[in-house]
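Peer 1: What follows is a single structure, and I will ask about it in a moment.
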Amino acid sequence: MEKIVRAIRGAVFTENTKEAIQDSTCRMFREVILKNKIASEDLISIQFTLTRDLDVLNPATALRLGGTPVDIKDVPLFCSQEAFIQGGFPKVIRLMITAYVEKELKIQHVYIDGAEKLRPDIAR
């Protein structure tokens with residue numbers, strides 16, 4: 001089966017505790033991986049952003065500590081602060097995974113724990 005490079009998005013609302021950030025990050029990642037049938041060798045990179053009110057744990061660190069359904073030890077992870085926009089939603093972690101997927105796969109983006117309202121057009 002032919003594979004192509006695609007980006008898959010996700011987002012989650014969470015609280016500003018180490019436990020909540022780790023749990024939310026890992027659950028969101030796990031759901032993206034499982035719904036899109038991504039194997040370790042398919043991963044190219046994983047990028048996170050988080051709003052400025054989440055400041056106790058980096059989601060990339062949370063993912064490395066939290067355990068995942070695929071091996072990520074050789075996958076580049078990157079995190080940056082989301083641009084502050086007046087009236088924007090607080091306490092949000094966003095995710096973008098770049099990976100090889102089957103050409104025919106219908107990508108399933110993952111928006112959970114209230115984050116569905118960020119992108120109702122692609123949230124399931």
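Every chain in the structure tokens has a letter given in the order shown (A, B, ...), and although residue numbers restart at 1 in each chain, ligands are simply numbered from 1 in the order shown.
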Please return, as a PyMOL selection string, all residues of chain A that DSSP assigns to helix (DSSP H, G or I) on the basis of the backbone.
Peer 2: chain A and resi 18-35+40-42+59-66+115-118
Peer 1: Which residue out of A:Ile93, A:Val75, A:Cys26, A:Leu63 has the minimum interatomic distance to Thr51 of chain A when only C-alpha atoms are used?
Peer 2: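 Counting only C-alpha atoms, the residue closest to Thr51 of chain A is A:Ile93.
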Peer 1: Would you kindly return, as a count of residues only, each protein, DNA or RNA residue with an atom no farther than 9 Å from any atom of segment 67-69 of chain A, considering only C-alpha atoms and excluding same-chain residues fewer than 2 positions away?
Peer 2: 14
Peer 1: Just want the 7 Å neighbourhood of segment 9-17 of chain A, counted on only C-alpha atoms, with same-chain residues fewer than 3 positions away dropped. Output as a short mmCIF file (atom, residue, chain, number, x, y, z; two decimals) with all heavy atoms, in the first residue's frame.
Peer 2:
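Saved as result31.cif:
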```cif
data_model
loop_
_atom_site.label_atom_id
_atom_site.label_comp_id
_atom_site.auth_asym_id
_atom_site.auth_seq_id
_atom_site.Cartn_x
_atom_site.Cartn_y
_atom_site.Cartn_z
N ALA A 20 -2.49 16.83 35.04
CA ALA A 20 -3.49 17.08 34.01
C ALA A 20 -2.85 17.24 32.64
O ALA A 20 -3.35 16.70 31.64
CB ALA A 20 -4.32 18.31 34.37
N ILE A 21 -1.76 17.97 32.57
CA ILE A 21 -1.09 18.17 31.28
C ILE A 21 -0.56 16.84 30.75
O ILE A 21 -0.72 16.53 29.57
CB ILE A 21 0.03 19.23 31.40
CG1 ILE A 21 -0.60 20.61 31.62
CG2 ILE A 21 0.94 19.23 30.16
CD1 ILE A 21 0.39 21.71 31.96
N SER A 24 -3.73 14.65 29.70
CA SER A 24 -4.39 15.19 28.51
C SER A 24 -3.55 15.01 27.26
O SER A 24 -4.05 14.61 26.21
CB SER A 24 -4.70 16.67 28.71
OG SER A 24 -5.59 16.86 29.78
N MET A 28 -4.66 12.52 24.14
CA MET A 28 -4.85 13.09 22.81
C MET A 28 -3.93 12.40 21.80
O MET A 28 -4.37 12.00 20.71
CB MET A 28 -4.57 14.60 22.85
CG MET A 28 -4.60 15.27 21.50
SD MET A 28 -4.27 17.06 21.55
CE MET A 28 -2.81 17.18 22.56
N LEU A 54 -0.70 27.70 30.63
CA LEU A 54 -0.23 26.35 30.95
C LEU A 54 1.29 26.42 31.04
O LEU A 54 1.98 26.48 30.03
CB LEU A 54 -0.67 25.35 29.87
CG LEU A 54 -2.18 25.18 29.70
CD1 LEU A 54 -2.48 24.26 28.53
CD2 LEU A 54 -2.82 24.67 30.98
N ASP A 55 1.81 26.42 32.28
CA ASP A 55 3.23 26.69 32.44
C ASP A 55 3.95 25.78 33.44
O ASP A 55 5.05 26.09 33.86
CB ASP A 55 3.43 28.16 32.84
CG ASP A 55 2.75 28.53 34.14
OD1 ASP A 55 2.17 27.65 34.82
OD2 ASP A 55 2.79 29.72 34.51
N VAL A 56 3.34 24.64 33.78
CA VAL A 56 4.01 23.77 34.76
C VAL A 56 4.68 22.55 34.12
O VAL A 56 5.49 21.89 34.77
CB VAL A 56 3.05 23.31 35.89
CG1 VAL A 56 2.57 24.49 36.69
CG2 VAL A 56 1.90 22.49 35.34
N LYS A 91 -6.11 27.59 28.35
CA LYS A 91 -5.78 26.22 28.78
C LYS A 91 -5.92 25.19 27.65
O LYS A 91 -6.59 24.18 27.78
CB LYS A 91 -6.62 25.82 29.98
CG LYS A 91 -6.35 26.71 31.18
CD LYS A 91 -7.16 26.30 32.37
CE LYS A 91 -6.83 27.19 33.55
NZ LYS A 91 -7.60 26.89 34.72
N VAL A 92 -5.25 25.49 26.53
CA VAL A 92 -5.33 24.63 25.35
C VAL A 92 -3.95 24.10 24.98
O VAL A 92 -2.99 24.87 24.90
CB VAL A 92 -5.91 25.38 24.13
CG1 VAL A 92 -6.02 24.46 22.92
CG2 VAL A 92 -7.24 26.02 24.44
N ILE A 93 -3.88 22.80 24.75
CA ILE A 93 -2.70 22.18 24.14
C ILE A 93 -3.12 21.75 22.75
O ILE A 93 -4.13 21.08 22.57
CB ILE A 93 -2.23 20.95 24.94
CG1 ILE A 93 -1.82 21.35 26.36
CG2 ILE A 93 -1.06 20.26 24.21
CD1 ILE A 93 -1.53 20.17 27.26
N ARG A 94 -2.33 22.18 21.76
CA ARG A 94 -2.58 21.77 20.37
C ARG A 94 -1.44 20.87 19.91
O ARG A 94 -0.30 20.99 20.37
CB ARG A 94 -2.67 23.00 19.47
CG ARG A 94 -3.93 23.82 19.71
CD ARG A 94 -3.93 25.08 18.86
NE ARG A 94 -5.17 25.80 18.94
CZ ARG A 94 -5.46 26.70 19.89
NH1 ARG A 94 -4.58 26.99 20.83
NH2 ARG A 94 -6.63 27.33 19.89
N LEU A 95 -1.76 19.98 19.00
CA LEU A 95 -0.83 18.97 18.53
C LEU A 95 -0.88 18.91 17.01
O LEU A 95 -1.96 19.03 16.41
CB LEU A 95 -1.26 17.61 19.09
CG LEU A 95 -0.69 16.33 18.49
CD1 LEU A 95 0.77 16.17 18.88
CD2 LEU A 95 -1.49 15.13 18.95
N MET A 96 0.30 18.75 16.39
CA MET A 96 0.35 18.43 14.97
C MET A 96 1.40 17.34 14.78
O MET A 96 2.58 17.53 15.10
CB MET A 96 0.68 19.64 14.11
CG MET A 96 0.59 19.30 12.62
SD MET A 96 0.57 20.73 11.52
CE MET A 96 2.18 21.40 11.82
N ILE A 97 0.95 16.23 14.27
CA ILE A 97 1.84 15.10 13.98
C ILE A 97 2.04 15.05 12.48
O ILE A 97 1.07 15.09 11.72
CB ILE A 97 1.22 13.77 14.46
CG1 ILE A 97 1.09 13.77 15.98
CG2 ILE A 97 2.05 12.58 13.97
CD1 ILE A 97 0.37 12.56 16.53
N HIS A 109 -8.75 13.91 12.70
CA HIS A 109 -8.19 14.85 13.67
C HIS A 109 -8.90 14.62 15.00
O HIS A 109 -10.04 14.17 15.04
CB HIS A 109 -8.39 16.29 13.17
CG HIS A 109 -7.81 16.52 11.81
ND1 HIS A 109 -6.45 16.67 11.60
CD2 HIS A 109 -8.40 16.59 10.59
CE1 HIS A 109 -6.24 16.86 10.32
NE2 HIS A 109 -7.39 16.81 9.68
N VAL A 110 -8.21 14.94 16.10
CA VAL A 110 -8.75 14.62 17.43
C VAL A 110 -8.83 15.89 18.28
O VAL A 110 -7.81 16.49 18.60
CB VAL A 110 -7.86 13.56 18.13
CG1 VAL A 110 -8.29 13.35 19.56
CG2 VAL A 110 -7.88 12.25 17.34
N TYR A 111 -10.04 16.27 18.61
CA TYR A 111 -10.30 17.40 19.50
C TYR A 111 -11.14 16.87 20.65
O TYR A 111 -12.25 16.38 20.42
CB TYR A 111 -11.05 18.51 18.74
CG TYR A 111 -10.15 19.18 17.73
CD1 TYR A 111 -9.87 18.59 16.50
CD2 TYR A 111 -9.56 20.41 18.01
CE1 TYR A 111 -9.03 19.20 15.59
CE2 TYR A 111 -8.71 21.02 17.10
CZ TYR A 111 -8.46 20.40 15.89
OH TYR A 111 -7.61 21.00 14.99
N ILE A 112 -10.60 16.95 21.87
CA ILE A 112 -11.26 16.32 23.01
C ILE A 112 -11.36 17.27 24.21
O ILE A 112 -10.70 18.30 24.25
CB ILE A 112 -10.53 15.01 23.43
CG1 ILE A 112 -9.07 15.27 23.79
CG2 ILE A 112 -10.66 13.95 22.34
CD1 ILE A 112 -8.32 14.06 24.35
N ASP A 113 -12.18 16.86 25.15
CA ASP A 113 -12.34 17.57 26.43
C ASP A 113 -12.71 19.03 26.25
O ASP A 113 -12.19 19.92 26.91
CB ASP A 113 -11.07 17.44 27.28
CG ASP A 113 -10.76 16.00 27.66
OD1 ASP A 113 -11.64 15.14 27.47
OD2 ASP A 113 -9.67 15.74 28.16
N GLY A 114 -13.62 19.29 25.34
CA GLY A 114 -14.10 20.64 25.10
C GLY A 114 -13.44 21.34 23.93
O GLY A 114 -13.96 22.34 23.43
N ALA A 115 -12.31 20.84 23.47
CA ALA A 115 -11.58 21.49 22.37
C ALA A 115 -12.29 21.33 21.03
O ALA A 115 -11.90 21.96 20.05
CB ALA A 115 -10.16 20.94 22.29
#
```
Peer 1: Mind listing the strand (DSSP E) residues of segment 3-80 of chain A, per DSSP on the backbone, as a list in words?
Peer 2: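 Reading the DSSP output for segment 3-80 of chain A, strand (DSSP E) covers Lys3, Ile4, Val5, Arg6, Ala7, Ile8, Arg9, Gly10, Ala11, Val12, Phe13, Leu43, Ile44, Ser45, Ile46, Gln47, Phe48, Thr49, Leu50, Leu77, Phe78, Cys79 and Ser80 of chain A.
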Peer 1: Only N, CA and C atoms, please: the residues just picked out, written as a short mmCIF file (atom, residue, chain, number, x, y, z; two decimals), in the first residue's frame.
Peer 2:
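The resulting result.cif:
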```
data_model
loop_
_atom_site.label_atom_id
_atom_site.label_comp_id
_atom_site.auth_asym_id
_atom_site.auth_seq_id
_atom_site.Cartn_x
_atom_site.Cartn_y
_atom_site.Cartn_z
N LYS A 3 2.14 5.00 0.73
CA LYS A 3 2.01 5.95 1.83
C LYS A 3 2.44 7.33 1.37
N ILE A 4 1.79 8.34 1.97
CA ILE A 4 2.11 9.73 1.68
C ILE A 4 2.30 10.46 3.02
N VAL A 5 2.93 11.64 2.96
CA VAL A 5 3.13 12.45 4.16
C VAL A 5 1.90 13.32 4.39
N ARG A 6 1.39 13.27 5.63
CA ARG A 6 0.24 14.08 6.01
C ARG A 6 0.47 14.67 7.39
N ALA A 7 -0.25 15.71 7.71
CA ALA A 7 -0.24 16.30 9.04
C ALA A 7 -1.60 16.02 9.68
N ILE A 8 -1.56 15.63 10.93
CA ILE A 8 -2.78 15.30 11.67
C ILE A 8 -2.82 16.20 12.90
N ARG A 9 -3.97 16.81 13.14
CA ARG A 9 -4.10 17.78 14.21
C ARG A 9 -4.89 17.26 15.37
N GLY A 10 -4.66 17.90 16.52
CA GLY A 10 -5.42 17.57 17.71
C GLY A 10 -5.37 18.74 18.67
N ALA A 11 -6.30 18.74 19.61
CA ALA A 11 -6.29 19.75 20.67
C ALA A 11 -7.06 19.21 21.86
N VAL A 12 -6.68 19.75 23.02
CA VAL A 12 -7.34 19.35 24.26
C VAL A 12 -7.34 20.54 25.22
N PHE A 13 -8.43 20.70 25.94
CA PHE A 13 -8.47 21.67 27.04
C PHE A 13 -8.00 20.93 28.28
N LEU A 43 6.24 7.92 11.93
CA LEU A 43 6.32 9.25 12.52
C LEU A 43 7.50 10.05 11.99
N ILE A 44 7.26 11.28 11.62
CA ILE A 44 8.31 12.19 11.17
C ILE A 44 8.63 13.19 12.27
N SER A 45 7.60 13.86 12.79
CA SER A 45 7.81 14.81 13.88
C SER A 45 6.50 15.04 14.61
N ILE A 46 6.63 15.57 15.84
CA ILE A 46 5.47 15.87 16.68
C ILE A 46 5.68 17.28 17.22
N GLN A 47 4.70 18.13 16.97
CA GLN A 47 4.79 19.52 17.41
C GLN A 47 3.60 19.86 18.30
N PHE A 48 3.90 20.57 19.39
CA PHE A 48 2.87 21.03 20.31
C PHE A 48 2.92 22.55 20.41
N THR A 49 1.75 23.15 20.67
CA THR A 49 1.70 24.51 21.18
C THR A 49 0.82 24.46 22.42
N LEU A 50 1.03 25.45 23.30
CA LEU A 50 0.17 25.55 24.47
C LEU A 50 -0.03 27.01 24.80
N LEU A 77 10.51 16.02 18.82
CA LEU A 77 9.37 16.68 19.45
C LEU A 77 9.72 18.15 19.63
N PHE A 78 8.72 19.01 19.45
CA PHE A 78 8.94 20.44 19.56
C PHE A 78 7.72 21.06 20.21
N CYS A 79 7.95 22.05 21.06
CA CYS A 79 6.85 22.74 21.72
C CYS A 79 7.10 24.24 21.69
N SER A 80 6.05 25.00 21.46
CA SER A 80 6.15 26.46 21.50
C SER A 80 4.86 27.01 22.10
#
```
Peer 1: For Tyr100 of chain A, which residue out of A:Gln86, A:Gln81, A:Thr61, A:Asn36 is the nearest one, using only C-alpha atoms?
Peer 2: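 That would be A:Asn36, the residue with the smallest distance to Tyr100 of chain A.
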